[in-house]
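Visitor: Input structure_21.txt, format and content: compact mmCIF, C-alpha atoms.
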```
# COMPACT_ATOMS: atom_id res chain seq x y z
CA MET A 1 -40.90 120.06 -194.70
CA GLU A 2 -40.05 118.00 -191.65
CA THR A 3 -36.82 119.97 -191.03
CA THR A 4 -38.77 123.24 -191.19
CA ILE A 5 -41.14 121.98 -188.50
CA LYS A 6 -38.17 120.96 -186.35
CA LYS A 7 -36.59 124.40 -186.76
CA ILE A 8 -39.82 126.13 -185.79
CA PHE A 9 -40.15 123.81 -182.79
CA PHE A 10 -36.63 124.62 -181.56
CA VAL A 11 -37.16 128.36 -182.06
CA CYS A 12 -40.34 128.13 -179.98
CA ILE A 13 -38.48 126.26 -177.25
CA ALA A 14 -35.68 128.85 -177.26
CA LEU A 15 -38.16 131.73 -177.02
CA THR A 16 -40.00 130.00 -174.18
CA VAL A 17 -36.77 129.51 -172.24
CA ALA A 18 -35.73 133.13 -172.80
CA PHE A 19 -39.13 134.40 -171.68
CA ALA A 20 -39.07 132.18 -168.58
CA ALA A 21 -35.59 133.45 -167.68
CA PHE A 22 -36.78 137.04 -168.06
CA ILE A 23 -39.84 136.47 -165.86
CA LEU A 24 -37.89 134.59 -163.18
CA GLY A 25 -35.19 137.25 -163.18
CA ASN A 26 -37.76 139.96 -162.53
CA LEU A 27 -39.47 137.93 -159.84
CA PHE A 28 -36.25 137.25 -157.98
CA GLY A 29 -34.76 140.72 -157.99
CA ALA A 30 -32.91 141.24 -161.24
CA GLY A 31 -32.91 144.74 -162.60
CA SER A 32 -31.65 146.70 -165.55
CA LEU A 33 -29.31 149.64 -165.50
CA GLY A 34 -30.01 150.39 -169.13
CA ASN A 35 -27.56 149.84 -171.97
CA GLY A 36 -28.08 146.09 -171.65
CA ILE A 37 -26.50 145.86 -168.19
CA TYR A 38 -28.35 143.71 -165.67
CA TYR A 39 -27.71 143.12 -162.03
CA ILE A 40 -29.12 140.86 -159.35
CA SER A 41 -30.42 142.68 -156.31
CA ALA A 42 -28.45 142.01 -153.16
CA GLU A 43 -31.45 141.55 -150.88
CA ARG A 44 -29.13 139.71 -148.51
CA ASN A 45 -27.74 143.10 -147.44
CA LYS A 46 -31.15 144.09 -146.07
CA ASN A 47 -31.33 141.02 -143.85
CA LEU A 48 -27.96 141.29 -142.16
CA SER A 49 -27.51 140.56 -138.50
CA ALA A 50 -26.27 143.47 -136.41
CA ALA A 51 -22.80 141.90 -136.17
CA ASP A 52 -22.57 141.42 -139.95
CA ALA A 53 -23.64 145.01 -140.60
CA LEU A 54 -21.00 146.37 -138.24
CA ASP A 55 -18.26 144.55 -140.15
CA LYS A 56 -19.26 146.27 -143.39
CA LEU A 57 -18.40 149.77 -144.54
CA ASP A 58 -21.43 152.07 -144.57
CA ILE A 59 -21.31 153.88 -147.91
CA ASN A 60 -23.45 156.69 -146.46
CA THR A 61 -20.82 157.65 -143.89
CA ALA A 62 -17.57 156.45 -145.48
CA ASP A 63 -15.13 159.14 -146.48
CA TYR A 64 -12.96 159.20 -149.58
CA GLN A 65 -10.00 157.49 -147.88
CA GLU A 66 -12.13 154.65 -146.47
CA LEU A 67 -13.68 154.03 -149.89
CA LEU A 68 -10.21 153.84 -151.46
CA GLU A 69 -9.37 150.92 -149.16
CA LEU A 70 -12.02 148.75 -150.84
CA PRO A 71 -10.63 146.24 -153.36
CA GLY A 72 -10.56 147.53 -156.92
CA MET A 73 -11.71 151.02 -155.94
CA THR A 74 -10.23 153.85 -157.99
CA GLU A 75 -9.67 157.45 -156.91
CA ASP A 76 -12.20 158.72 -159.45
CA VAL A 77 -14.95 156.34 -158.36
CA ALA A 78 -14.34 156.99 -154.65
CA ALA A 79 -14.58 160.74 -155.29
CA ALA A 80 -17.73 160.25 -157.38
CA ILE A 81 -19.39 158.22 -154.60
CA VAL A 82 -18.76 160.98 -152.06
CA MET A 83 -19.80 163.79 -154.44
CA ASN A 84 -22.94 161.92 -155.51
CA ARG A 85 -23.91 161.35 -151.88
CA GLN A 86 -23.36 165.04 -151.05
CA SER A 87 -25.39 166.29 -154.00
CA ARG A 88 -28.21 163.73 -154.12
CA GLY A 89 -28.45 162.48 -150.55
CA VAL A 90 -27.91 159.11 -148.95
CA TYR A 91 -27.87 155.83 -150.81
CA GLU A 92 -31.00 153.76 -150.19
CA GLU A 93 -29.46 150.46 -151.32
CA VAL A 94 -25.97 149.17 -152.00
CA GLU A 95 -27.00 148.73 -155.65
CA ASP A 96 -27.35 152.52 -155.95
CA LEU A 97 -23.58 152.62 -156.40
CA LEU A 98 -24.09 151.16 -159.86
CA MET A 99 -25.53 154.52 -160.89
CA VAL A 100 -22.37 156.40 -159.83
CA ARG A 101 -20.27 157.64 -162.70
CA GLY A 102 -17.29 155.36 -163.25
CA MET A 103 -18.61 152.47 -161.15
CA THR A 104 -18.25 149.32 -163.17
CA LEU A 105 -19.82 145.95 -162.58
CA GLU A 106 -16.29 144.62 -162.05
CA ILE A 107 -15.61 147.02 -159.17
CA TYR A 108 -19.09 146.49 -157.71
CA GLU A 109 -18.66 142.71 -157.67
CA LYS A 110 -15.42 143.11 -155.72
CA ILE A 111 -16.93 145.37 -153.04
CA TYR A 112 -20.64 144.59 -152.61
CA GLN A 113 -20.05 142.01 -149.86
CA GLN A 114 -17.98 144.50 -147.89
CA ILE A 115 -20.39 147.45 -147.94
CA THR A 116 -23.80 148.27 -146.53
CA VAL A 117 -26.25 151.14 -146.06
CA ARG A 118 -27.65 151.98 -142.64
```
Mind converting the file's structure to structure tokens?
Guide:
Amino acid sequence: METTIKKIFFVCIALTVAFAAFILGNLFGAGSLGNGIYYISAERNKNLSAADALDKLDINTADYQELLELPGMTEDVAAAIVMNRQSRGVYEEVEDLLMVRGMTLEIYEKIYQQITVR
């Protein structure tokens, strides 16, 4: 009986921790892309100094060749970024690239510090 109470106690603790992580993630900018993929919002890109922003590639004006120069970028993803921008309009946030066909979290993590939206 005592071991059952301990098991229930630990399950309650685990659920509490999981719930707290979920709430804190939503409060501090985490989001879901569906299919179990989560990302943390890069709010730091919105608060860049003018000098920092000029050093970054603007994904709303970058052409195919400029996008290909980013680390880990593939030809297919660079083409998809340009086509998506032409058909749907400008990107509002850097994180919008995660919705582009072929963009993986691995590629995004390599480039997000080098890109911006203006």
Visitor: Quick one: residues within 9 Å of segment 80-85 of chain A, only C-alpha atoms, excluding same-chain residues fewer than 5 positions away - as a list in words?
Guide: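 Here the answer would be Ile59, Asn60, Ala62, Asp63, Tyr64, Leu67, Glu75, Val90, Tyr91, Leu97, Val100, Arg101, Gly102 and Met103 of chain A.
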Visitor: So, counting all atoms listed in the file, which residue among A:Thr74, A:Met99, A:Val94, A:Glu2 is closest to Leu57 of chain A?
Guide: A:Val94
Visitor: Between A:Leu70, A:Ile13, A:Ala79, A:Leu98, which is the closest to Gln113 of chain A once you count only C-alpha atoms?
Guide: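 Counting only C-alpha atoms, the residue closest to Gln113 of chain A is A:Leu70.
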Visitor: Provide the atom CA of Thr116 of chain A to atom CA of Asp58 of chain A distance in Å, to one decimal place.
Guide: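 Rounded to one decimal, the two atoms are 4.9 Å apart.
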Visitor: At what distance in Å, to one decimal, does atom CA of Arg118 of chain A lie from atom CA of Ser87 of chain A?
Guide: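 So the two atoms, atom CA of Ser87 of chain A and atom CA of Arg118 of chain A, lie 18.4 Å apart.
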Visitor: Could you put an axis-aligned box around every listed atom of segment 88-93 of chain A, padded by 4 Å on each side, and send me its centre and edge lengths in Å to one decimal, as lines of an AutoDock Vina configuration file?
Guide:
```
center_x = -29.4
center_y = 157.1
center_z = -151.5
size_x = 11.1
size_y = 21.3
size_z = 13.2
```
Visitor: Atom CA of Glu66 of chain A and atom CA of Ala78 of chain A, how far apart in Å?
Guide: 8.8 Å
